[in-house]
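A.B. asks: Attaching a single structure in structure tokens format; questions to follow.
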Amino acid sequence: MWKTILRRFLIMIPEVIILSILVFLLAKAMPGDPFTGSINPKADPAQIKHLMRINGLYDPWYQQYWNWVVHLFHGNLGNSYQYQEPVTRLIAGRAGNTLWLALFTMILTYAFALPMGVYAGRHEGKLPDTIIRVYTYVTYCIPFFVILVLGIWIFGYVFGWFPTTGSISSDASSWLSTIGSRFYHILLPGLLGALFGTVNIVQYLRSEVIDAKHSDYVRTARSKGVPNKDIYRHHIFRNSLLPIAAFAGYSITGLLNGSIFTETVFSYPGMGLLFVNSISYRDYTVITALVLIYGILNLIGTLLSDIILSIVDPRIRIQ
Amino acid sequence: MDKKKLALSAMAVLATVSLAACSSKNSSSSENGTTASLKLSPTFNNKKATNASATKNSTLKLAEPNDSPFQGISDQVLSTNQEDADVFAPGGGGSLFNVDKNYKIIDGGLANQRINRKAKTVTITLQKDAKWSNGSKVTAKDIEYPYEVIANKNTTSQQYSADFNTIKGMAAYHTGKAKTISGITFPDGEKGRTAVIHLTKVTPAMKYSGNSFIWGTVEPYEYIKNVPIAKLASSKQVRKNPIFTGAYKLDKVVEGESTTWSPNKYYYGKTPQIKHISINVVSSNNIDKAIQSGKYDFTVPGSVLHGTDYKELKNVKNYKITGQPALAYDYFGFNVGHYDTKTQKNVMDKNSKMANKNLRQAMMYALNLDAVNKKFGNGITWRANTLIPPIFSKYYDSSSKGYPLNIKKADKLLTDAGYKKRNGSKWRSDPSGKKLTIYFGAMTGTSAQAAEYQDYLQQWHKVGLNVQFTGGKTMEMNSFYSTLQKPKQSSIDVYAAAWGVSSEPTPTQLYGEDATYNMGHFVSKKNTQLMNEMNSDKAWNDTYRTKAFKQWQKYMNEQAAVAPGSFSYNWVPVNTRVKGFDMGPANNSFWSNLSLTSSSLK
């Protein structure tokens, strides 16, 4: 298995190179440049041209690409044109926020969805099952940004229970109050994200549980006299987790993607917004860095999923 | 308070005027439409008395409506956007001069300015007690250092313009030939209070704040001298712990999210009164809810609120709407030529599709801008009648009619010029009988903007002109401007766009013969002459200068190569606990004048 993992890693190298070239070419193919957005009566076009030149934006793409690679190996992803600071620092500042929010949301989602899925599968066709199914579909049907706007309005503005902007309150200074304030700020978006993002896990788990309930090994266990509780805990639950485990690798990569909706509505500085802004501002350095990071994360995520699967399910072994 | 260079990006301005679809309940009838039907005052005259203890112990909470985190560059020289200027506004932005209501520089600010026409110098003298918020003195070197940052070879600043070459030695420094700017001298030393700027010419524009010759802010040289200029924008002196000369000093900045302030005890001017000021970025999706639930005292003047917000907020209890015309306008541009890259000049093409003045005028008369603004503007936008926004009360030509709807006149103009329907076609062909298709370039925006664009097309179709979107649909902002900025292009014949203007409105950089931003390439001897008049020797006389501006407006209106679209209000909802609010340009002590009448928001 270690050999397989190593091989997968080696294959990732040309994949990443191809990805970076593609991203580089596509970014440059977009109309406009990092300075198009800043045309105004007082920005002299000559100075803009000068800035374009010193930033090497008039060089042929392969030269720009080469410069970028050389810098990359020096740990330098360049400067953001829009934010005028090193890309690494910019991304690091945002990645923390996104990571916390996503991790919190993910934990909550699993905490809500796993019991619901098992419970619904166990009581298939009965009232609790119907309630859970209706709940998941209703939450699935409502567009997420509507939930966010409603949520912030009701709980943030009307009741005033939660903060409504940013990732931290401006008067948090001590170590403890910083952590507390950060947590307080991700509570509402995290809860909303979890409560309204359960549908996939619940439905998968529910159908797996129902399948497992009727399988031979469960019937055998039952006839042996294994208590119902243990059957669910040891036999059914573990087997039903397979598809969920397969997802887990991918959802780890999702941790850094960030949600544009959540970030916009809660004015929460994260990666999703950064990515969208960098595209509309033609902030090439940020675009390429982000796509590259996402690409690498995706490759790792796929690998992780495979590894998790092989751990959870002894029948699957990577050859 | 808009003393500093107000350089809104084209995008930000577009956002100001973007409006969402909704029906207007505007009851007032503004049939002539050349003025705003809605009257907003820049001042909130709170009759209640200041509550001293509330003022001393409370936090004034401000919102900055914006959909993305602010960039965090506190330095006016390096910053390129309005959000940064807004969230760092209580620090004063290093503003040098006080201004009157016409943005004319007056005495009493951080420094005073004297122009010597004979010697061609501008002398800037600092207040005796001018200090930075860390207690160190503001020096003559601090006046000069912005020029170094702007013109440095490795700078990230976008502010350098050809106008700075009128400062002696500036060009040499910019190209790296000289180590210092020889044209800026310090009669009583770098640590003194006076800097003298030696120029090759002085112009009347220099009397006004926001002109492109004399930079209007200071840089804390001692504080930042060890940071290489190329790295200044990312340094912690500029982002994390910047120092200021204004009424308030920065306590803390949370990157992209918020800033907090407390009174600057070294401030030279009127003592600030409120204990703390906090400014938070609030998503424009829920700024209305935030105001309705009384979370903020006001939005930072200068920030963007839309027409739809106005509809939501105009009747909110405990808030008063204040506003003044924005330093911006929407316009229609016609492509009548090209930019000659060899001579670096715009050239009119007599044979271009839009070269006929009658055609351009007819297209403007065909539009129903009054109705469009009434429907989508909710009172905060109105049809523009000229290319100088009404905030410049002295220069603005209120008598100008602009282009109100007049289909009959449009038809007549077209027919007279030979644009006739031939061979039973439903479309007019050009005077030589050739098929005429006009391409309209417009930027993708809100659904309301899309509706407005459709209305423009329909109106043009009404007078028999076959006008189509360039490429069949609206254009993304970047492709729109890349197309227009090509030296020669024929895919856009007429376009809708917006300009944010500086507080010194000389339009040469937009419509001059060698202006790259003259994207329609309209050039005429008369136009050049009229624009030169604005800053000629005679224009030192204010009355003459005003006349020159008005003449130019008349001429541009008549030529219709760049035609006015709409004006808008820059407006702010203010909580009734706030006293002393006045966003007008002449209120130079905006932040010190604020006080509170209650310790909690109403």
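Residues in the structure tokens are named by chain (A, B, ... in the order shown) and by number from 1 within that chain; ligands are numbered from 1 in the order shown.
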Skip segment 101-109 of chain A itself and residues of its chain fewer than 2 positions away, then list as JSON, numbers by chain all residues within 8 Å of it, counting only C-alpha atoms.

C.D. replies: {"A": [97, 98, 99, 111, 112, 113, 186, 189, 190, 191, 193, 194, 195, 197, 198, 254, 255, 256, 258]}

A.B. asks: At a cut-off of 9 Å, using only C-alpha atoms, what residues contact Thr125 of chain B? Leave out same-chain residues fewer than 4 positions from it and give the result as a ChimeraX atom specification.

C.D. replies: /B:110-114,140,193-196

A.B. asks: Can you write just those residues out, N, CA and C atoms, as a tab-separated table (two decimals), in the first residue's frame?

C.D. replies:
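selection04.tsv written:
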chain	number	residue	atom	x	y	z
B	110	LEU	N	-4.06	71.55	8.49
B	110	LEU	CA	-2.76	71.12	8.97
B	110	LEU	C	-1.68	72.07	8.44
B	111	ALA	N	-1.91	72.56	7.23
B	111	ALA	CA	-0.96	73.50	6.63
B	111	ALA	C	-1.72	74.55	5.82
B	112	ASN	N	-1.07	75.66	5.56
B	112	ASN	CA	-1.62	76.67	4.67
B	112	ASN	C	-0.80	76.70	3.38
B	113	GLN	N	-1.43	77.14	2.32
B	113	GLN	CA	-0.74	77.14	1.03
B	113	GLN	C	-0.73	78.54	0.43
B	114	ARG	N	0.41	78.92	-0.11
B	114	ARG	CA	0.50	80.19	-0.83
B	114	ARG	C	1.07	79.94	-2.22
B	140	ALA	N	8.56	69.42	7.46
B	140	ALA	CA	8.55	69.78	6.04
B	140	ALA	C	8.86	68.56	5.18
B	193	ARG	N	9.09	73.80	9.16
B	193	ARG	CA	7.65	73.76	8.94
B	193	ARG	C	7.27	74.10	7.51
B	194	THR	N	8.24	74.42	6.68
B	194	THR	CA	7.91	74.96	5.37
B	194	THR	C	8.55	74.16	4.23
B	195	ALA	N	7.76	73.87	3.25
B	195	ALA	CA	8.28	73.27	2.02
B	195	ALA	C	7.88	74.16	0.85
B	196	VAL	N	8.83	74.37	-0.06
B	196	VAL	CA	8.53	75.19	-1.23
B	196	VAL	C	8.62	74.32	-2.48

A.B. asks: Compile the contact shell of segment 410-426 of chain B as an MDAnalysis selection string: residues with an atom at most 7 Å away, counting only C-alpha atoms, same-chain residues fewer than 2 positions apart removed.

C.D. replies: chainID B and resid 358:359 362:363 365:366 406:408 428:431 463:464

A.B. asks: Just write the chosen residues, C-alpha atoms, as a PDB file, in the first residue's frame.

C.D. replies:
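The result, stored in again_12.pdb:
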ATOM      1  CA  ASN B 358     -27.383  65.042 -35.643  1.00  0.00           C
ATOM      2  CA  LEU B 359     -27.256  61.296 -35.195  1.00  0.00           C
ATOM      3  CA  ALA B 362     -31.088  62.275 -31.986  1.00  0.00           C
ATOM      4  CA  MET B 363     -29.988  59.214 -30.077  1.00  0.00           C
ATOM      5  CA  TYR B 365     -33.296  62.860 -27.501  1.00  0.00           C
ATOM      6  CA  ALA B 366     -34.739  59.407 -28.133  1.00  0.00           C
ATOM      7  CA  ASN B 406     -38.206  64.324 -27.551  1.00  0.00           C
ATOM      8  CA  ILE B 407     -38.985  61.679 -30.172  1.00  0.00           C
ATOM      9  CA  LYS B 408     -40.251  64.228 -32.665  1.00  0.00           C
ATOM     10  CA  ARG B 428     -33.055  53.989 -41.116  1.00  0.00           C
ATOM     11  CA  SER B 429     -30.022  53.721 -43.358  1.00  0.00           C
ATOM     12  CA  ASP B 430     -27.130  56.158 -43.343  1.00  0.00           C
ATOM     13  CA  PRO B 431     -27.110  59.260 -45.590  1.00  0.00           C
ATOM     14  CA  VAL B 463     -36.839  56.354 -33.908  1.00  0.00           C
ATOM     15  CA  GLY B 464     -35.887  53.722 -36.470  1.00  0.00           C
TER      16      GLY B 464
END

A.B. asks: Residues of segment 231-293 of chain A that approach segment 469-487 of chain B to 10 Å or less, counting only C-alpha atoms: could you list each one with the shortest pair of atoms and its distance in Å to one decimal, rows by chain and increasing residue number, as CSV?

C.D. replies:
residue,atom,partner,partner_atom,distance
A:Ser280,CA,B:Asn478,CA,8.0
A:Tyr281,CA,B:Asn478,CA,8.3
A:Arg282,CA,B:Asn478,CA,8.6

A.B. asks: Output the selection as a CSV table (one decimal), in the first residue's frame - N, CA and C atoms for each residue.

C.D. replies:
chain,number,residue,atom,x,y,z
A,280,SER,N,-12.4,38.7,-10.5
A,280,SER,CA,-13.0,39.9,-11.1
A,280,SER,C,-12.0,41.0,-11.2
A,281,TYR,N,-11.0,41.0,-10.3
A,281,TYR,CA,-9.9,42.1,-10.4
A,281,TYR,C,-8.7,41.6,-11.2
A,282,ARG,N,-8.8,40.4,-11.8
A,282,ARG,CA,-7.7,39.9,-12.6
A,282,ARG,C,-6.4,39.9,-11.8

A.B. asks: Quick one: which residues from chain B are at most 8 Å off chain A, using only C-alpha atoms, as a ChimeraX atom specification?

C.D. replies: /B:7-11,67-69,71-72,80,154,156,158-162,212,233-234,252-254,256-260,280-283,285-286,289-290,293,295,477-479,481-482,499-502,509-510,516-517

A.B. asks: Which residues are close to Tyr62 of chain A, i.e. within 10 Å by only C-alpha atoms, leaving aside same-chain residues fewer than 6 positions away? Reply as a list in words.

C.D. replies: Ile21, Phe24, Leu25 and Trp68 of chain A

A.B. asks: Just N, CA and C atoms for this one: save the residues we selected as a PDB file, in the first residue's frame.

C.D. replies:
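Below you can see selection_29.pdb, which holds the result:
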ATOM      1  N   ILE A  21       0.198  25.243 -15.649  1.00  0.00           N
ATOM      2  CA  ILE A  21       0.310  25.868 -16.973  1.00  0.00           C
ATOM      3  C   ILE A  21      -1.071  26.264 -17.487  1.00  0.00           C
ATOM      4  N   PHE A  24      -2.378  29.259 -15.636  1.00  0.00           N
ATOM      5  CA  PHE A  24      -1.627  30.432 -16.058  1.00  0.00           C
ATOM      6  C   PHE A  24      -2.151  30.955 -17.396  1.00  0.00           C
ATOM      7  N   LEU A  25      -2.309  30.032 -18.353  1.00  0.00           N
ATOM      8  CA  LEU A  25      -2.780  30.421 -19.682  1.00  0.00           C
ATOM      9  C   LEU A  25      -4.200  30.967 -19.632  1.00  0.00           C
ATOM     10  N   TRP A  68       7.547  32.891 -12.562  1.00  0.00           N
ATOM     11  CA  TRP A  68       6.655  32.491 -11.474  1.00  0.00           C
ATOM     12  C   TRP A  68       7.161  31.196 -10.816  1.00  0.00           C
TER      13      TRP A  68
END

A.B. asks: Name all residues at most 9 Å from segment 234-236 of chain A (count only C-alpha atoms; drop same-chain ones fewer than 6 positions away) and give them as a list of chain:residue names.

C.D. replies: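 With the cut-off at 9 Å, the set is A:Glu208, A:Val209, A:Ile210, A:Ala212, A:Lys213, A:Tyr217, A:Val218, A:Ala221.
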